[in-house]
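A.B. asks: Pasting a structure here, questions to come.
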Amino acid sequence: MRSDAAPRVAGAAPGLFAALDLTLEPGRLTCLLGASGVGKSTLLRLLAGLPTGVEFQGTVATLPCALMGQDGGLFPWLTVAQNIGLGARLRREAADPARIARMVEAVGLDGLEDRLPAQLSGGQRQRAALARTLAEDRPLVLLDEPFSALDARLRLQIGDMAARLLQGTTVLMVTHDPAEAARLGDRILVMTPGGLAEHPAPPGPVPRRHDAPEVLAAQAALTDRLLA
Amino acid sequence: MRALLAIAAALLLWEGFVRLTGLPPYLLPSPLAVGRALWVHRAELAPAAMLTAWETLLGLGLGAAFGIVTAAAMATVPRLGRALSPALVVSQAIPVFALAPILTLWLGFGMAPKIAMVVLIVFVPVAQALYDGLMAPPAAQMDVARTMGAGRWAELRHLRFPAALPRLASGLRLGAIYAPVGAVIGEWVGGARGLGALMIQANGRMKTDLMFAALIVVVALSLTIYTTINRALGRMLRKRGF
């Protein structure tokens, strides 16, 4: 879903981060990179309207959103198809089997619709969670280190899949992986206790090739920044 | 297999101890004497066991239902939860067995006070376990449900309750262990029938072998009820992806 409204968080969380201003570009994927504990997830939770456990002083302007976290947050007692249709179930809307089938196909889980999460591999679980996030069809998608528990190959594959499927959607993706930010970010922001800094993204549409020279250079520069 | 060997070894030791010391059977009957009593008194033991089993199962069912409804109400109405939660803790400090005589006074000598005893014993662990589970839903799933716009009722029904099932199962297992004890104590205090009453009568008549035989039936009954419930709960949880 396209939207022209720009989600924004502006303010400070004393003890966590100083005054900062995060405005997401509509229709683009913004990668938020930074060390653990610097407040990346807090920003994301503010945009999601979720409790953060910190005192935030400032304003939040956001849109209806879909959220996907590191462990996927699949409901273990629901099948893949039921998980994808979870939003409708929770809002007491009628299920849309055709739509669920399209999502299953989009993430390549055909034939696994009736499996429980425990019967899936780690990569399959994250793809199911991705399908559920897409099924929500919200103007804003928030991804909190969605692929960080996966091995390098799966991280690449599923990350690329997510970037392709989310094209045109406003996305904030929190990550601590410079390679992921360099491949997937239309825009890259680095967060430190001092605030947010823009880092130039490599040229070209996402997902970019992991071995393109500009992507590798951006990855190295981002790593340097995180080490600084 | 190992358990059977351990039981056999214990029985052998017991038999040897009784023979060596020459203790009179009214103090400590030998396992063989207890086995004989099991067979000789089968016509008394069987109906007593049936009655105790019924009291246990009815009490267990009622106590579990009561506990589940209470926990659900406490989770749905936060004010009720805050008010009752300390009461649950306090009620665990009451020695429920001490209530048996008063229950008999209130409810008579029939099955009712025994069932009430079991209900009291089963209710608290079930309510406590389920309430704890309902109040501690998994964080990642909770975030997802909230961003999806789940209302309080949908959250309870589709997330909190199913996520609390393993805890509810733990509470039910605890209840199942204690339930037969409750029934036996109830019979012990006020009643002419059931395994507890049989034990008291046998004790009074120095028929220690029958007392032990009844005890063995109680243990067998408890284990049967517990393993049956434990297996059913395990199957239920596996089917739900736990």
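Labels for the structure tokens follow display order: chains A, B, ..., residues from 1 in each chain, ligands from 1.
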What's around Gly133 of chain B at 9 Å? Count only C-alpha atoms, leave out sequence neighbours fewer than 4 positions away in its own chain, and write the answer as a list in words.
C.D. replies: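 Listed by chain and then number, they are Gln128, Ala129, Pro137, Arg160, Phe161, Ala163, Ala164, Leu165, Pro166, Arg167 and Leu168 of chain B.
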A.B. asks: Take the residues from that selection and put them in a file with C-alpha atoms, as an mmCIF file, in the first residue's frame.
C.D. replies:
```cif
data_model
loop_
_atom_site.group_PDB
_atom_site.id
_atom_site.type_symbol
_atom_site.label_atom_id
_atom_site.label_comp_id
_atom_site.auth_asym_id
_atom_site.auth_seq_id
_atom_site.Cartn_x
_atom_site.Cartn_y
_atom_site.Cartn_z
ATOM 1 C CA GLN B 128 -3.047 -19.874 40.496
ATOM 2 C CA ALA B 129 -1.243 -21.576 37.606
ATOM 3 C CA PRO B 137 1.773 -13.795 27.819
ATOM 4 C CA ARG B 160 -3.336 -15.237 26.652
ATOM 5 C CA PHE B 161 -5.430 -18.355 27.119
ATOM 6 C CA ALA B 163 -0.327 -19.435 25.682
ATOM 7 C CA ALA B 164 -1.231 -20.263 29.292
ATOM 8 C CA LEU B 165 -2.206 -23.864 28.513
ATOM 9 C CA PRO B 166 1.162 -25.361 29.581
ATOM 10 C CA ARG B 167 0.848 -23.606 32.946
ATOM 11 C CA LEU B 168 -2.764 -24.707 33.297
#
```
A.B. asks: Please provide the set of residues having any atom within 9 Å of Ala179 of chain A, restricted to only C-alpha atoms, with same-chain residues fewer than 2 positions apart removed, written as a list of chain:residue names.
C.D. replies: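 Near neighbours after the sequence-gap exclusion: A:Asp177, A:Ala181, A:Ala182, A:Arg183, A:Leu184, A:His210, A:Val215, A:Leu216, A:Ala218, A:Gln219, A:Ala220, A:Leu222, A:Thr223.
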A.B. asks: Those selected residues, please, written with N, CA, C and O atoms and delivered as a PDB file, in the first residue's frame.
C.D. replies:
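Done, and the output landed in selection.pdb:
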```pdb
ATOM      1  N   ASP A 177      23.402  -5.452  11.462  1.00  0.00           N
ATOM      2  CA  ASP A 177      24.263  -6.067  10.458  1.00  0.00           C
ATOM      3  C   ASP A 177      24.542  -5.066   9.327  1.00  0.00           C
ATOM      4  O   ASP A 177      23.652  -4.767   8.531  1.00  0.00           O
ATOM      5  N   ALA A 181      22.214  -3.785   5.991  1.00  0.00           N
ATOM      6  CA  ALA A 181      21.843  -2.387   5.725  1.00  0.00           C
ATOM      7  C   ALA A 181      22.323  -1.964   4.328  1.00  0.00           C
ATOM      8  O   ALA A 181      21.596  -1.295   3.592  1.00  0.00           O
ATOM      9  N   ALA A 182      23.557  -2.376   3.959  1.00  0.00           N
ATOM     10  CA  ALA A 182      24.105  -1.973   2.663  1.00  0.00           C
ATOM     11  C   ALA A 182      23.329  -2.595   1.506  1.00  0.00           C
ATOM     12  O   ALA A 182      23.179  -1.997   0.443  1.00  0.00           O
ATOM     13  N   ARG A 183      22.803  -3.818   1.704  1.00  0.00           N
ATOM     14  CA  ARG A 183      22.060  -4.482   0.630  1.00  0.00           C
ATOM     15  C   ARG A 183      20.627  -3.991   0.535  1.00  0.00           C
ATOM     16  O   ARG A 183      20.069  -3.861  -0.547  1.00  0.00           O
ATOM     17  N   LEU A 184      20.011  -3.749   1.683  1.00  0.00           N
ATOM     18  CA  LEU A 184      18.556  -3.595   1.684  1.00  0.00           C
ATOM     19  C   LEU A 184      18.069  -2.159   1.893  1.00  0.00           C
ATOM     20  O   LEU A 184      16.905  -1.871   1.635  1.00  0.00           O
ATOM     21  N   HIS A 210      24.977  -8.741  -2.919  1.00  0.00           N
ATOM     22  CA  HIS A 210      25.831  -8.670  -1.724  1.00  0.00           C
ATOM     23  C   HIS A 210      27.291  -8.444  -2.086  1.00  0.00           C
ATOM     24  O   HIS A 210      28.069  -7.964  -1.283  1.00  0.00           O
ATOM     25  N   VAL A 215      28.362  -1.964  -2.639  1.00  0.00           N
ATOM     26  CA  VAL A 215      27.723  -2.529  -1.446  1.00  0.00           C
ATOM     27  C   VAL A 215      28.787  -2.938  -0.438  1.00  0.00           C
ATOM     28  O   VAL A 215      28.676  -2.659   0.768  1.00  0.00           O
ATOM     29  N   LEU A 216      29.861  -3.559  -0.958  1.00  0.00           N
ATOM     30  CA  LEU A 216      30.944  -3.975  -0.065  1.00  0.00           C
ATOM     31  C   LEU A 216      31.617  -2.758   0.566  1.00  0.00           C
ATOM     32  O   LEU A 216      31.941  -2.773   1.765  1.00  0.00           O
ATOM     33  N   ALA A 218      30.213   0.180   1.119  1.00  0.00           N
ATOM     34  CA  ALA A 218      29.288   0.739   2.111  1.00  0.00           C
ATOM     35  C   ALA A 218      29.304  -0.095   3.388  1.00  0.00           C
ATOM     36  O   ALA A 218      29.296   0.433   4.506  1.00  0.00           O
ATOM     37  N   GLN A 219      29.360  -1.410   3.213  1.00  0.00           N
ATOM     38  CA  GLN A 219      29.399  -2.314   4.368  1.00  0.00           C
ATOM     39  C   GLN A 219      30.629  -2.027   5.226  1.00  0.00           C
ATOM     40  O   GLN A 219      30.534  -1.934   6.458  1.00  0.00           O
ATOM     41  N   ALA A 220      31.785  -1.857   4.544  1.00  0.00           N
ATOM     42  CA  ALA A 220      33.027  -1.583   5.275  1.00  0.00           C
ATOM     43  C   ALA A 220      32.943  -0.234   5.986  1.00  0.00           C
ATOM     44  O   ALA A 220      33.320  -0.098   7.160  1.00  0.00           O
ATOM     45  N   LEU A 222      30.265   1.359   6.978  1.00  0.00           N
ATOM     46  CA  LEU A 222      29.311   1.267   8.092  1.00  0.00           C
ATOM     47  C   LEU A 222      29.945   0.550   9.277  1.00  0.00           C
ATOM     48  O   LEU A 222      29.742   0.941  10.435  1.00  0.00           O
ATOM     49  N   THR A 223      30.698  -0.519   8.981  1.00  0.00           N
ATOM     50  CA  THR A 223      31.364  -1.243  10.058  1.00  0.00           C
ATOM     51  C   THR A 223      32.329  -0.316  10.790  1.00  0.00           C
ATOM     52  O   THR A 223      32.382  -0.302  12.024  1.00  0.00           O
TER      53      THR A 223
END
```
A.B. asks: Using only C-alpha atoms, find the one residue out of A:Leu16, A:Lys40, A:Arg187, A:Gly58 that sits nearest to Leu142 of chain A.
C.D. replies: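 Smallest separation from Leu142 of chain A among the options: A:Lys40.
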A.B. asks: Check the smallest atom-to-atom distance from each of A:Leu20, A:Leu120, A:Leu112, A:Ala13 to chain B using only C-alpha atoms, then report the winner.
C.D. replies: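 Smallest distance to chain B is found for A:Leu120.
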A.B. asks: For Met50 of chain B, find every residue with an atom within 12 Å (counting only C-alpha atoms), except residues of its own chain fewer than 5 positions away, and show them as a compact mmCIF listing (two decimals) with N, CA and C atoms, in the first residue's frame.
C.D. replies:
```
# COMPACT_ATOMS: atom_id res chain seq x y z
N ARG B 42 -11.00 -58.37 49.01
CA ARG B 42 -11.30 -57.71 47.74
C ARG B 42 -12.75 -57.23 47.67
N ALA B 43 -13.66 -57.95 48.31
CA ALA B 43 -15.07 -57.57 48.25
C ALA B 43 -15.34 -56.28 49.01
N GLU B 44 -14.45 -55.94 49.99
CA GLU B 44 -14.60 -54.66 50.69
C GLU B 44 -13.83 -53.56 49.97
N LEU B 45 -12.63 -53.96 49.50
CA LEU B 45 -11.73 -52.96 48.90
C LEU B 45 -12.27 -52.41 47.58
N GLU B 55 -15.36 -39.86 44.09
CA GLU B 55 -15.21 -38.59 44.82
C GLU B 55 -14.04 -37.79 44.25
N THR B 56 -12.93 -38.52 43.99
CA THR B 56 -11.74 -37.85 43.48
C THR B 56 -12.01 -37.21 42.12
N LEU B 57 -12.60 -38.00 41.21
CA LEU B 57 -12.80 -37.48 39.85
C LEU B 57 -13.81 -36.34 39.81
N PRO B 180 -6.71 -37.36 45.23
CA PRO B 180 -7.10 -38.56 45.97
C PRO B 180 -6.81 -38.42 47.47
N ALA B 183 -9.74 -36.78 49.05
CA ALA B 183 -10.90 -37.67 49.23
C ALA B 183 -10.67 -38.61 50.41
N ARG B 193 -17.75 -45.16 54.51
CA ARG B 193 -17.41 -45.85 53.27
C ARG B 193 -16.20 -45.20 52.61
N GLY B 194 -15.65 -45.90 51.65
CA GLY B 194 -14.47 -45.40 50.94
C GLY B 194 -13.18 -45.93 51.56
N LEU B 195 -12.08 -45.76 50.85
CA LEU B 195 -10.80 -46.33 51.29
C LEU B 195 -10.32 -45.70 52.60
N VAL B 217 -4.02 -49.72 47.57
CA VAL B 217 -5.07 -49.41 46.60
C VAL B 217 -5.13 -47.89 46.37
N VAL B 218 -4.96 -47.11 47.45
CA VAL B 218 -4.96 -45.64 47.31
C VAL B 218 -3.83 -45.21 46.36
N LEU B 221 -4.61 -46.16 42.83
CA LEU B 221 -5.65 -45.26 42.31
C LEU B 221 -5.06 -43.90 41.94
```
A.B. asks: Which of these, B:Ser30, B:Thr147, B:Thr70, B:Thr52, has the shortest distance to chain A once you count only C-alpha atoms?
C.D. replies: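 Comparing B:Ser30, B:Thr147, B:Thr70, B:Thr52 against chain A, the winner is B:Thr147.
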A.B. asks: Tell me the residues of chain B close to chain A, meaning within 7 Å using only C-alpha atoms, as a short mmCIF file (atom, residue, chain, number, x, y, z; two decimals) with C-alpha atoms, in the first residue's frame.
C.D. replies:
```
data_model
loop_
_atom_site.label_atom_id
_atom_site.label_comp_id
_atom_site.auth_asym_id
_atom_site.auth_seq_id
_atom_site.Cartn_x
_atom_site.Cartn_y
_atom_site.Cartn_z
CA ALA B 140 6.79 -11.08 20.99
CA GLN B 141 3.30 -12.47 20.34
CA ASP B 143 3.47 -7.05 20.46
CA VAL B 144 2.13 -8.61 17.28
CA THR B 147 -0.16 -3.89 16.47
CA MET B 148 -2.84 -5.98 14.79
CA GLY B 149 -5.42 -4.14 16.83
CA ALA B 150 -6.61 -6.98 19.03
CA ALA B 154 -9.55 -11.22 21.44
CA ARG B 240 -1.15 -27.43 19.99
CA GLY B 241 2.49 -27.13 19.03
CA PHE B 242 4.03 -26.93 22.53
#
```
A.B. asks: Taking only C-alpha atoms into account, name the residue in A:Ala35, A:Ala5, A:Met103, A:Ala149 that is nearest to Ala61 of chain A.
C.D. replies: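 Going through A:Ala35, A:Ala5, A:Met103, A:Ala149 one by one, the smallest distance to Ala61 of chain A is for A:Ala5.
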A.B. asks: Counting only C-alpha atoms, what is within 12 Å of Arg36 of chain B, bar same-chain residues fewer than 4 positions away, as a list in words?
C.D. replies: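 Close residues of Arg36 of chain B: Pro29, Ser30, Pro31, Leu32, Val40, His41, Arg42, Asp209, Leu210, Phe212 and Ala213 of chain B.
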A.B. asks: Kindly save the residues from that selection, with N, CA and C atoms included, as a PDB file, in the first residue's frame.
C.D. replies:
```pdb
ATOM      1  N   PRO B  29       2.877 -55.794  59.238  1.00  0.00           N
ATOM      2  CA  PRO B  29       2.650 -57.056  58.521  1.00  0.00           C
ATOM      3  C   PRO B  29       3.666 -57.205  57.391  1.00  0.00           C
ATOM      4  N   SER B  30       3.951 -58.418  57.022  1.00  0.00           N
ATOM      5  CA  SER B  30       4.890 -58.642  55.913  1.00  0.00           C
ATOM      6  C   SER B  30       4.180 -58.345  54.591  1.00  0.00           C
ATOM      7  N   PRO B  31       4.928 -58.080  53.542  1.00  0.00           N
ATOM      8  CA  PRO B  31       4.302 -57.814  52.234  1.00  0.00           C
ATOM      9  C   PRO B  31       3.426 -58.968  51.787  1.00  0.00           C
ATOM     10  N   LEU B  32       3.839 -60.178  52.126  1.00  0.00           N
ATOM     11  CA  LEU B  32       3.013 -61.330  51.738  1.00  0.00           C
ATOM     12  C   LEU B  32       1.663 -61.281  52.438  1.00  0.00           C
ATOM     13  N   VAL B  40      -8.071 -61.377  50.136  1.00  0.00           N
ATOM     14  CA  VAL B  40      -9.138 -61.821  51.045  1.00  0.00           C
ATOM     15  C   VAL B  40     -10.227 -60.742  51.158  1.00  0.00           C
ATOM     16  N   HIS B  41      -9.793 -59.467  51.214  1.00  0.00           N
ATOM     17  CA  HIS B  41     -10.760 -58.397  51.449  1.00  0.00           C
ATOM     18  C   HIS B  41     -11.191 -57.705  50.164  1.00  0.00           C
ATOM     19  N   ARG B  42     -11.004 -58.374  49.015  1.00  0.00           N
ATOM     20  CA  ARG B  42     -11.300 -57.709  47.743  1.00  0.00           C
ATOM     21  C   ARG B  42     -12.748 -57.232  47.673  1.00  0.00           C
ATOM     22  N   ASP B 209      -2.780 -55.419  58.326  1.00  0.00           N
ATOM     23  CA  ASP B 209      -2.572 -55.895  56.951  1.00  0.00           C
ATOM     24  C   ASP B 209      -3.624 -55.296  56.008  1.00  0.00           C
ATOM     25  N   LEU B 210      -4.859 -55.174  56.474  1.00  0.00           N
ATOM     26  CA  LEU B 210      -5.915 -54.571  55.653  1.00  0.00           C
ATOM     27  C   LEU B 210      -5.658 -53.079  55.472  1.00  0.00           C
ATOM     28  N   PHE B 212      -2.753 -51.623  55.334  1.00  0.00           N
ATOM     29  CA  PHE B 212      -1.727 -51.498  54.301  1.00  0.00           C
ATOM     30  C   PHE B 212      -2.294 -51.825  52.915  1.00  0.00           C
ATOM     31  N   ALA B 213      -3.169 -52.822  52.864  1.00  0.00           N
ATOM     32  CA  ALA B 213      -3.772 -53.194  51.576  1.00  0.00           C
ATOM     33  C   ALA B 213      -4.548 -52.010  51.007  1.00  0.00           C
TER      34      ALA B 213
END
```
A.B. asks: Could you give me, as a ChimeraX atom specification, the residues within 12 Å of Asp110 of chain A, counting only C-alpha atoms and dropping anything in the same chain fewer than 4 positions from it?
C.D. replies: /A:80-81,100-106,114-115,124,127-128,131
A.B. asks: Excluding Ile115 of chain B and any residue of its chain fewer than 5 positions from it, enumerate the residues within 12 Å of it, using only C-alpha atoms, and give them as an NGL selection string.
C.D. replies: :B and (51-63 or 100 or 103-104 or 107-110 or 120-123 or 179-187)
A.B. asks: Quick one: pick out all strand (DSSP E or B) residues within segment 86-185 of chain A from a backbone DSSP run and write them as a list in words.
C.D. replies: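 So the strand (DSSP E or B) residues in segment 86-185 of chain A would be Leu140, Val141, Leu142, Leu143, Asp144, Thr170, Val171, Leu172, Met173, Val174 and Thr175 of chain A.
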A.B. asks: Store the residues of this selection in a file with all heavy atoms, as a PDB file, in the first residue's frame.
C.D. replies:
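As written to disk, result-v3.pdb reads:
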```pdb
ATOM      1  N   LEU A 140       2.622   1.114   6.831  1.00  0.00           N
ATOM      2  CA  LEU A 140       3.930   1.161   7.478  1.00  0.00           C
ATOM      3  C   LEU A 140       4.302  -0.235   7.971  1.00  0.00           C
ATOM      4  O   LEU A 140       3.485  -0.911   8.606  1.00  0.00           O
ATOM      5  CB  LEU A 140       3.889   2.136   8.666  1.00  0.00           C
ATOM      6  CG  LEU A 140       5.124   2.199   9.562  1.00  0.00           C
ATOM      7  CD1 LEU A 140       6.352   2.647   8.786  1.00  0.00           C
ATOM      8  CD2 LEU A 140       4.875   3.125  10.744  1.00  0.00           C
ATOM      9  N   VAL A 141       5.533  -0.663   7.646  1.00  0.00           N
ATOM     10  CA  VAL A 141       5.992  -1.976   8.113  1.00  0.00           C
ATOM     11  C   VAL A 141       7.232  -1.779   8.968  1.00  0.00           C
ATOM     12  O   VAL A 141       8.166  -1.074   8.576  1.00  0.00           O
ATOM     13  CB  VAL A 141       6.279  -2.923   6.929  1.00  0.00           C
ATOM     14  CG1 VAL A 141       7.013  -4.170   7.409  1.00  0.00           C
ATOM     15  CG2 VAL A 141       4.979  -3.314   6.252  1.00  0.00           C
ATOM     16  N   LEU A 142       7.209  -2.362  10.159  1.00  0.00           N
ATOM     17  CA  LEU A 142       8.316  -2.226  11.112  1.00  0.00           C
ATOM     18  C   LEU A 142       8.974  -3.583  11.308  1.00  0.00           C
ATOM     19  O   LEU A 142       8.321  -4.542  11.727  1.00  0.00           O
ATOM     20  CB  LEU A 142       7.773  -1.698  12.447  1.00  0.00           C
ATOM     21  CG  LEU A 142       7.042  -0.359  12.347  1.00  0.00           C
ATOM     22  CD1 LEU A 142       6.308  -0.048  13.644  1.00  0.00           C
ATOM     23  CD2 LEU A 142       8.013   0.754  11.988  1.00  0.00           C
ATOM     24  N   LEU A 143      10.264  -3.649  10.993  1.00  0.00           N
ATOM     25  CA  LEU A 143      10.990  -4.916  11.107  1.00  0.00           C
ATOM     26  C   LEU A 143      12.097  -4.736  12.147  1.00  0.00           C
ATOM     27  O   LEU A 143      12.972  -3.894  11.980  1.00  0.00           O
ATOM     28  CB  LEU A 143      11.606  -5.295   9.753  1.00  0.00           C
ATOM     29  CG  LEU A 143      10.655  -5.331   8.553  1.00  0.00           C
ATOM     30  CD1 LEU A 143      11.442  -5.572   7.263  1.00  0.00           C
ATOM     31  CD2 LEU A 143       9.602  -6.407   8.733  1.00  0.00           C
ATOM     32  N   ASP A 144      12.028  -5.518  13.223  1.00  0.00           N
ATOM     33  CA  ASP A 144      13.008  -5.381  14.304  1.00  0.00           C
ATOM     34  C   ASP A 144      13.972  -6.564  14.261  1.00  0.00           C
ATOM     35  O   ASP A 144      13.661  -7.636  14.762  1.00  0.00           O
ATOM     36  CB  ASP A 144      12.279  -5.319  15.653  1.00  0.00           C
ATOM     37  CG  ASP A 144      13.203  -4.852  16.769  1.00  0.00           C
ATOM     38  OD1 ASP A 144      14.392  -4.609  16.494  1.00  0.00           O
ATOM     39  OD2 ASP A 144      12.727  -4.740  17.908  1.00  0.00           O
ATOM     40  N   THR A 170       6.370   1.904   3.013  1.00  0.00           N
ATOM     41  CA  THR A 170       7.246   2.599   3.954  1.00  0.00           C
ATOM     42  C   THR A 170       7.705   1.591   5.001  1.00  0.00           C
ATOM     43  O   THR A 170       6.878   1.004   5.698  1.00  0.00           O
ATOM     44  CB  THR A 170       6.485   3.749   4.642  1.00  0.00           C
ATOM     45  OG1 THR A 170       5.850   4.518   3.623  1.00  0.00           O
ATOM     46  CG2 THR A 170       7.425   4.607   5.449  1.00  0.00           C
ATOM     47  N   VAL A 171       9.016   1.371   5.071  1.00  0.00           N
ATOM     48  CA  VAL A 171       9.533   0.331   5.963  1.00  0.00           C
ATOM     49  C   VAL A 171      10.631   0.908   6.846  1.00  0.00           C
ATOM     50  O   VAL A 171      11.497   1.639   6.370  1.00  0.00           O
ATOM     51  CB  VAL A 171      10.124  -0.850   5.161  1.00  0.00           C
ATOM     52  CG1 VAL A 171      10.613  -1.951   6.114  1.00  0.00           C
ATOM     53  CG2 VAL A 171       9.120  -1.414   4.180  1.00  0.00           C
ATOM     54  N   LEU A 172      10.569   0.576   8.140  1.00  0.00           N
ATOM     55  CA  LEU A 172      11.715   0.825   9.014  1.00  0.00           C
ATOM     56  C   LEU A 172      12.257  -0.536   9.430  1.00  0.00           C
ATOM     57  O   LEU A 172      11.530  -1.359   9.996  1.00  0.00           O
ATOM     58  CB  LEU A 172      11.313   1.612  10.261  1.00  0.00           C
ATOM     59  CG  LEU A 172      12.474   1.802  11.268  1.00  0.00           C
ATOM     60  CD1 LEU A 172      13.563   2.691  10.687  1.00  0.00           C
ATOM     61  CD2 LEU A 172      11.966   2.374  12.583  1.00  0.00           C
ATOM     62  N   MET A 173      13.542  -0.766   9.112  1.00  0.00           N
ATOM     63  CA  MET A 173      14.147  -2.042   9.487  1.00  0.00           C
ATOM     64  C   MET A 173      15.310  -1.790  10.429  1.00  0.00           C
ATOM     65  O   MET A 173      16.293  -1.163  10.058  1.00  0.00           O
ATOM     66  CB  MET A 173      14.627  -2.765   8.237  1.00  0.00           C
ATOM     67  CG  MET A 173      15.308  -4.063   8.567  1.00  0.00           C
ATOM     68  SD  MET A 173      15.378  -5.099   7.094  1.00  0.00           S
ATOM     69  CE  MET A 173      17.041  -5.610   7.178  1.00  0.00           C
ATOM     70  N   VAL A 174      15.150  -2.256  11.672  1.00  0.00           N
ATOM     71  CA  VAL A 174      16.230  -2.155  12.646  1.00  0.00           C
ATOM     72  C   VAL A 174      17.148  -3.352  12.451  1.00  0.00           C
ATOM     73  O   VAL A 174      16.682  -4.488  12.322  1.00  0.00           O
ATOM     74  CB  VAL A 174      15.650  -2.162  14.084  1.00  0.00           C
ATOM     75  CG1 VAL A 174      16.740  -2.446  15.088  1.00  0.00           C
ATOM     76  CG2 VAL A 174      14.985  -0.829  14.377  1.00  0.00           C
ATOM     77  N   THR A 175      18.454  -3.091  12.367  1.00  0.00           N
ATOM     78  CA  THR A 175      19.396  -4.192  12.183  1.00  0.00           C
ATOM     79  C   THR A 175      20.706  -3.842  12.864  1.00  0.00           C
ATOM     80  O   THR A 175      20.988  -2.665  13.129  1.00  0.00           O
ATOM     81  CB  THR A 175      19.624  -4.486  10.690  1.00  0.00           C
ATOM     82  OG1 THR A 175      20.636  -5.479  10.566  1.00  0.00           O
ATOM     83  CG2 THR A 175      20.060  -3.247   9.931  1.00  0.00           C
TER      84      THR A 175
END
```
A.B. asks: Counting only C-alpha atoms, which of B:Gly22, B:Gly67, B:Pro138, B:Gly190 gets nearest to Leu105 of chain B?
C.D. replies: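 Under the stated criterion, the closest residue is B:Gly190.
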A.B. asks: Name the residues of segment 10-203 of chain A that fall into helix (DSSP H, G or I) according to DSSP on the backbone, using the chain letters and numbers of this document, as a PyMOL selection string.
C.D. replies: chain A and resi 40-48+80-84+86-90+97-106+117-119+122-135+152-165+178-184
A.B. asks: Using only C-alpha atoms for the distances, tell me which of A:Arg125, A:Arg153, A:Arg225, A:Arg28 is nearest to Gln167 of chain A.
C.D. replies: A:Arg28
A.B. asks: Could you give me, as an NGL selection string, the residues within 12 Å of Val90 of chain B, counting only C-alpha atoms and dropping anything in the same chain fewer than 5 positions from it?
C.D. replies: :B and (84-85 or 95-96 or 124 or 128)
A.B. asks: Export C-alpha atoms of the chosen residues as an mmCIF file, in the first residue's frame?
C.D. replies:
```cif
data_model
loop_
_atom_site.group_PDB
_atom_site.id
_atom_site.type_symbol
_atom_site.label_atom_id
_atom_site.label_comp_id
_atom_site.auth_asym_id
_atom_site.auth_seq_id
_atom_site.Cartn_x
_atom_site.Cartn_y
_atom_site.Cartn_z
ATOM 1 C CA LEU B 84 -8.165 -11.983 44.639
ATOM 2 C CA SER B 85 -4.525 -12.630 43.833
ATOM 3 C CA PRO B 95 -4.019 -26.458 55.966
ATOM 4 C CA VAL B 96 -7.028 -27.652 54.009
ATOM 5 C CA VAL B 124 -6.015 -23.243 44.248
ATOM 6 C CA GLN B 128 -3.047 -19.874 40.496
#
```
A.B. asks: What does the distance between atom CA of Thr169 of chain A and atom CA of Pro139 of chain A come to in Å, to one decimal place?
C.D. replies: 6.2 Å
